[in-house]
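Reading through the structure tokens given below for one structure.
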Amino acid sequence: QKKKKNSAAKGWGQKNILEIIIFMTILSCIMKRVAIIWQIGIQGSAYFFSVYDVLVCFWVLLPVSLRQVVYKLVESRVSMTQYKNSFRVMYSAALMAVLYAIITIILCYSLADFITTNFLPGNGGVLAYYIMIPTILFLGFSNVIRGFFEGLFSVIPSLFSVFLEQICMLLGIIIFSGLFTEYGEKISVVLANPENLYAYGAAGAAVGYLCGALVGGILSFVIFIVNKKSIRRKNRRDETRKNEDVYDLFVIIFKHLLPLGLVLLLVSSFEVFAQWIFFRCQNMMQEQILLSYQFGAYTGIYRTVISVPLLLIFAYSIRNINLLELGMRSGDFHEVRFKAFAMLKTAMAISLPIIVKILPLAASFFSFLCFMLANFE
């Protein structure tokens, strides 16, 4: 009984650690937005976050989605003590991530003129766009390793690497955006063009983000090397003789990845589509500098403020999930129903800030329709 109590206490303590790490990771995302606004201003924020929203579509299609897919596939094979096959899943997913990154990076550089012309406010975000493209490779590689460890029921190493990655991104954004802003200020004086100040500031923030993604990839690889001996010991305990082919694993990963990636892409592409409408609408009615300033205020300040209640609601939801699990184990189904209803109310509360978040874009769209109808008449 003492051993059971100790293991239960250890599991509960581990979940508390996970709550803290997830909370701190989301908090660091908000701090990054605040740091970018503080370092490069509202107009520089428009250049950086417009690039960020475009590249998110490429991130969620495979690098972000692949982590969840690898986690599920590795977990199912570990439950059947197929440790060697779980290892093959990781290698197949890593190869898929590298191939996807190479193809996507070539595609992003090839379509740079089209993307920067149609989805960015002016030319200020072009340099940041070119700098941030390689993050696709680092995020994909690190998420494969994190999903692998989560499938092996070792969640702490992956979340620890995510936490350090976010911290390095925050420090990199603060340091490099400050350095690049000073350099851009000198160029602005020489060329008598103040736009260079914000363009180089956004490029500095992009370098900081790239450095954070690189550190996350390196740290994930180091964690994998450190735990390689324990992984090999698990492979020796694999008594099954079933060896899955790499091609078959590719097909399995792709089948699991496609629906999840498309759903996340649909959600993320809405932001880019709304961003495109915003730029097209405002370009017909006002100057480009005012346009970038307004979009920077929206994506920088407005979305940061909206993220604060989402952060608090997320932390509350995680706490409810843990209490829900304890209620299921203890057999108190009345408490489970009560907590489930509380989580439903939480989900309804989450939808309100998201609706409020898109109101400025909706307002600009309807103002554009009114403008077009008035001119048509």
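Labels used: A, B, ... for chains in the order of the structure tokens, numbers from 1 for residues in each chain, and numbers from 1 for ligands as shown.
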
Who sits within 12 Å of Leu171 (chain A), only C-alpha atoms, same chain under 5 positions skipped, as a count of residues only:
22

With a distance cut-off of 9 Å and only C-alpha atoms, select the neighbouring residues of Tyr130 (chain A), excluding the residue or stretch itself and same-chain residues fewer than 4 positions from it, and output the selection as a count of residues only.
7

Between A:Ala202, A:Val189, A:Leu170, A:Leu152, which one has atoms that come closest to Ile42 (chain A), using only C-alpha atoms?
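The answer is A:Ala202, which sits nearest to Ile42 (chain A).
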
Write out as a PyMOL selection string each polymer residue whose atoms come within 10 Å of Val162 (chain A), counting only C-alpha atoms; drop sequence neighbours fewer than 4 positions from it.
chain A and resi 21-22+25+142-143+146+156-158+166-168+212-213+215-217+219-220
